Amino acid sequence: MQQAKYTNDQPDRQEVLSKALLRTAVYLGITNARLGRVLGLSPATISRLHGGTYLLSGSRKEWELAVLLVRLFRSLDSITGGSKETARTWLNSENEAFAGRKPVELIETAEGLVRVVAYLDASRGIV
């Protein structure tokens, strides 16, 4: 079996994740300032990311955090049936599972992001 060869017309991993991350942030109503705090990036870097002059690096912590944020979106999208409004409401509402804190606040730390993703994954798994 032959492996497909990389061609210039195929987007690379950095481009794919960078675009997915930006679409996730827009969909969930996450501001650029908050996105910077989630990823540990400066506001200037977030601006460059939006402008396409910066791509996430697979060798840095920002990559892992971006993957988790996209995973959060995918889980939440599945749970809410694709309702953007419901997803945004859940993200911005106090939640007893998080001691009354809002998930959007928790995701600003790596520990909080992992906790929210784990909660959503567990909720998705309930049948």
# chains A, B, ... in the order shown; residues from 1 in each chain; ligands from 1

call {"tool": "select_by_dssp", "arguments": {"residues": "chain A", "states": "helix (DSSP H, G or I)", "output": "ChimeraX atom specification"}}
result
/A:13-28,32-39,43-51,61-79,84-91,96-98,103-106,110-125

call {"tool": "residues_around", "arguments": {"residues": "stretch 55-62 of chain A", "least_positions_apart": "4", "cutoff": "10 Å", "atoms": "only C-alpha atoms", "output": "MDAnalysis selection string"}}
result
chainID A and resid 13:19 21 36 38:41 45:46 48:51 66:68 110

call {"tool": "write_last_selection", "arguments": {"atoms": "N, CA and C atoms", "output": "mmCIF file, in the first residue's frame"}}
result
data_model
loop_
_atom_site.group_PDB
_atom_site.id
_atom_site.type_symbol
_atom_site.label_atom_id
_atom_site.label_comp_id
_atom_site.auth_asym_id
_atom_site.auth_seq_id
_atom_site.Cartn_x
_atom_site.Cartn_y
_atom_site.Cartn_z
ATOM 1 N N ARG A 13 -0.643 20.450 8.600
ATOM 2 C CA ARG A 13 -1.266 20.313 9.926
ATOM 3 C C ARG A 13 -1.386 21.642 10.640
ATOM 4 N N GLN A 14 -0.357 22.467 10.538
ATOM 5 C CA GLN A 14 -0.377 23.764 11.218
ATOM 6 C C GLN A 14 -1.511 24.637 10.689
ATOM 7 N N GLU A 15 -1.671 24.658 9.386
ATOM 8 C CA GLU A 15 -2.719 25.466 8.780
ATOM 9 C C GLU A 15 -4.108 24.945 9.152
ATOM 10 N N VAL A 16 -4.270 23.640 9.120
ATOM 11 C CA VAL A 16 -5.567 23.036 9.436
ATOM 12 C C VAL A 16 -5.970 23.338 10.870
ATOM 13 N N LEU A 17 -5.067 23.108 11.824
ATOM 14 C CA LEU A 17 -5.416 23.353 13.220
ATOM 15 C C LEU A 17 -5.602 24.842 13.487
ATOM 16 N N SER A 18 -4.794 25.673 12.888
ATOM 17 C CA SER A 18 -4.932 27.122 13.083
ATOM 18 C C SER A 18 -6.305 27.601 12.625
ATOM 19 N N LYS A 19 -6.732 27.146 11.453
ATOM 20 C CA LYS A 19 -8.049 27.535 10.941
ATOM 21 C C LYS A 19 -9.169 26.946 11.790
ATOM 22 N N LEU A 21 -9.069 26.187 14.919
ATOM 23 C CA LEU A 21 -9.078 26.914 16.182
ATOM 24 C C LEU A 21 -9.816 28.244 16.039
ATOM 25 N N GLY A 36 -6.275 34.308 23.489
ATOM 26 C CA GLY A 36 -4.861 34.475 23.825
ATOM 27 C C GLY A 36 -4.538 33.914 25.199
ATOM 28 N N VAL A 38 -6.241 31.545 26.770
ATOM 29 C CA VAL A 38 -6.395 30.083 26.704
ATOM 30 C C VAL A 38 -5.118 29.442 26.163
ATOM 31 N N LEU A 39 -4.563 30.036 25.112
ATOM 32 C CA LEU A 39 -3.396 29.449 24.448
ATOM 33 C C LEU A 39 -2.063 29.917 25.014
ATOM 34 N N GLY A 40 -2.096 30.957 25.839
ATOM 35 C CA GLY A 40 -0.853 31.513 26.356
ATOM 36 C C GLY A 40 -0.119 32.324 25.301
ATOM 37 N N LEU A 41 -0.880 32.974 24.409
ATOM 38 C CA LEU A 41 -0.294 33.778 23.339
ATOM 39 C C LEU A 41 -0.654 35.241 23.529
ATOM 40 N N THR A 45 0.062 38.117 18.678
ATOM 41 C CA THR A 45 0.173 36.817 18.027
ATOM 42 C C THR A 45 -1.191 36.320 17.575
ATOM 43 N N ILE A 46 -2.214 36.561 18.383
ATOM 44 C CA ILE A 46 -3.577 36.182 17.984
ATOM 45 C C ILE A 46 -3.985 36.962 16.737
ATOM 46 N N ARG A 48 -1.959 38.070 14.413
ATOM 47 C CA ARG A 48 -1.209 37.472 13.300
ATOM 48 C C ARG A 48 -1.823 36.135 12.895
ATOM 49 N N LEU A 49 -2.318 35.388 13.873
ATOM 50 C CA LEU A 49 -2.991 34.117 13.595
ATOM 51 C C LEU A 49 -4.224 34.366 12.722
ATOM 52 N N HIS A 50 -5.003 35.372 13.077
ATOM 53 C CA HIS A 50 -6.173 35.740 12.271
ATOM 54 C C HIS A 50 -5.768 36.214 10.886
ATOM 55 N N GLY A 51 -4.665 36.908 10.801
ATOM 56 C CA GLY A 51 -4.195 37.429 9.518
ATOM 57 C C GLY A 51 -3.500 36.403 8.644
ATOM 58 N N ALA A 66 -4.744 24.156 21.767
ATOM 59 C CA ALA A 66 -5.638 24.361 20.621
ATOM 60 C C ALA A 66 -6.402 23.076 20.301
ATOM 61 N N VAL A 67 -5.710 21.943 20.339
ATOM 62 C CA VAL A 67 -6.368 20.656 20.092
ATOM 63 C C VAL A 67 -7.471 20.438 21.122
ATOM 64 N N LEU A 68 -7.199 20.747 22.375
ATOM 65 C CA LEU A 68 -8.217 20.589 23.417
ATOM 66 C C LEU A 68 -9.407 21.516 23.196
ATOM 67 N N ALA A 110 -4.848 25.646 31.659
ATOM 68 C CA ALA A 110 -4.741 24.302 31.088
ATOM 69 C C ALA A 110 -5.542 23.306 31.920
#

call {"tool": "closest_atom_pairs", "arguments": {"of": "stretch 3-95 of chain A", "to": "stretch 104-108 of chain A", "cutoff": "10 Å", "atoms": "only C-alpha atoms", "output": "CSV"}}
result
residue,atom,partner,partner_atom,distance
A:Leu28,CA,A:Val104,CA,9.5
A:Gly29,CA,A:Val104,CA,9.8
A:Ile30,CA,A:Val104,CA,8.0
A:Arg34,CA,A:Glu108,CA,7.1
A:Leu35,CA,A:Glu108,CA,8.0
A:Gly36,CA,A:Glu108,CA,8.7
A:Arg37,CA,A:Glu108,CA,5.6
A:Val38,CA,A:Glu108,CA,4.3
A:Leu39,CA,A:Glu108,CA,7.8
A:Gly40,CA,A:Glu108,CA,8.6
A:Leu65,CA,A:Ile107,CA,9.5
A:Leu68,CA,A:Ile107,CA,9.7
A:Leu69,CA,A:Ile107,CA,8.3
A:Leu72,CA,A:Ile107,CA,9.7
A:Arg88,CA,A:Val104,CA,9.1
A:Trp90,CA,A:Val104,CA,8.9
A:Leu91,CA,A:Val104,CA,5.3
A:Asn92,CA,A:Val104,CA,5.7
A:Ser93,CA,A:Val104,CA,8.3
A:Glu94,CA,A:Val104,CA,9.4

call {"tool": "atom_distance", "arguments": {"atom1": "atom CA of A:Ser123", "atom2": "atom CA of A:Glu64"}}
result
21.9 Å

call {"tool": "residues_around", "arguments": {"residues": "A:Leu76", "least_positions_apart": "4", "cutoff": "12 Å", "atoms": "only C-alpha atoms", "output": "PDB file with C-alpha atoms, in the first residue's frame"}}
result
ATOM      1  CA  THR A  24     -14.012  27.294  16.975  1.00  0.00           C
ATOM      2  CA  TYR A  27     -18.465  29.799  16.746  1.00  0.00           C
ATOM      3  CA  LEU A  28     -18.281  29.763  20.542  1.00  0.00           C
ATOM      4  CA  LEU A  69     -10.260  23.678  22.550  1.00  0.00           C
ATOM      5  CA  VAL A  70     -11.291  22.182  19.208  1.00  0.00           C
ATOM      6  CA  ARG A  71     -12.153  18.960  21.035  1.00  0.00           C
ATOM      7  CA  LEU A  72     -14.288  20.984  23.460  1.00  0.00           C
ATOM      8  CA  THR A  80     -26.178  20.676  21.673  1.00  0.00           C
ATOM      9  CA  GLY A  81     -27.186  19.245  18.304  1.00  0.00           C
ATOM     10  CA  GLY A  82     -25.239  21.898  16.452  1.00  0.00           C
ATOM     11  CA  SER A  83     -26.975  24.852  18.112  1.00  0.00           C
ATOM     12  CA  LYS A  84     -24.523  27.749  18.289  1.00  0.00           C
ATOM     13  CA  GLU A  85     -26.747  29.660  20.717  1.00  0.00           C
ATOM     14  CA  THR A  86     -27.085  26.694  23.089  1.00  0.00           C
ATOM     15  CA  ALA A  87     -23.331  26.061  22.989  1.00  0.00           C
ATOM     16  CA  ARG A  88     -22.551  29.711  23.745  1.00  0.00           C
ATOM     17  CA  THR A  89     -25.136  29.810  26.527  1.00  0.00           C
ATOM     18  CA  TRP A  90     -23.697  26.685  28.158  1.00  0.00           C
ATOM     19  CA  LEU A  91     -20.154  27.988  27.914  1.00  0.00           C
ATOM     20  CA  PRO A 103     -16.741  27.011  31.723  1.00  0.00           C
ATOM     21  CA  VAL A 116     -14.199  21.098  30.939  1.00  0.00           C
ATOM     22  CA  VAL A 117     -13.251  18.754  28.073  1.00  0.00           C
ATOM     23  CA  ALA A 118     -13.375  15.740  30.406  1.00  0.00           C
ATOM     24  CA  TYR A 119     -16.800  16.836  31.682  1.00  0.00           C
ATOM     25  CA  LEU A 120     -18.145  17.172  28.138  1.00  0.00           C
ATOM     26  CA  ASP A 121     -16.631  13.864  27.059  1.00  0.00           C
ATOM     27  CA  ALA A 122     -18.249  12.146  30.043  1.00  0.00           C
ATOM     28  CA  SER A 123     -21.585  13.819  29.295  1.00  0.00           C
ATOM     29  CA  ARG A 124     -21.382  12.735  25.693  1.00  0.00           C
TER      30      ARG A 124
END
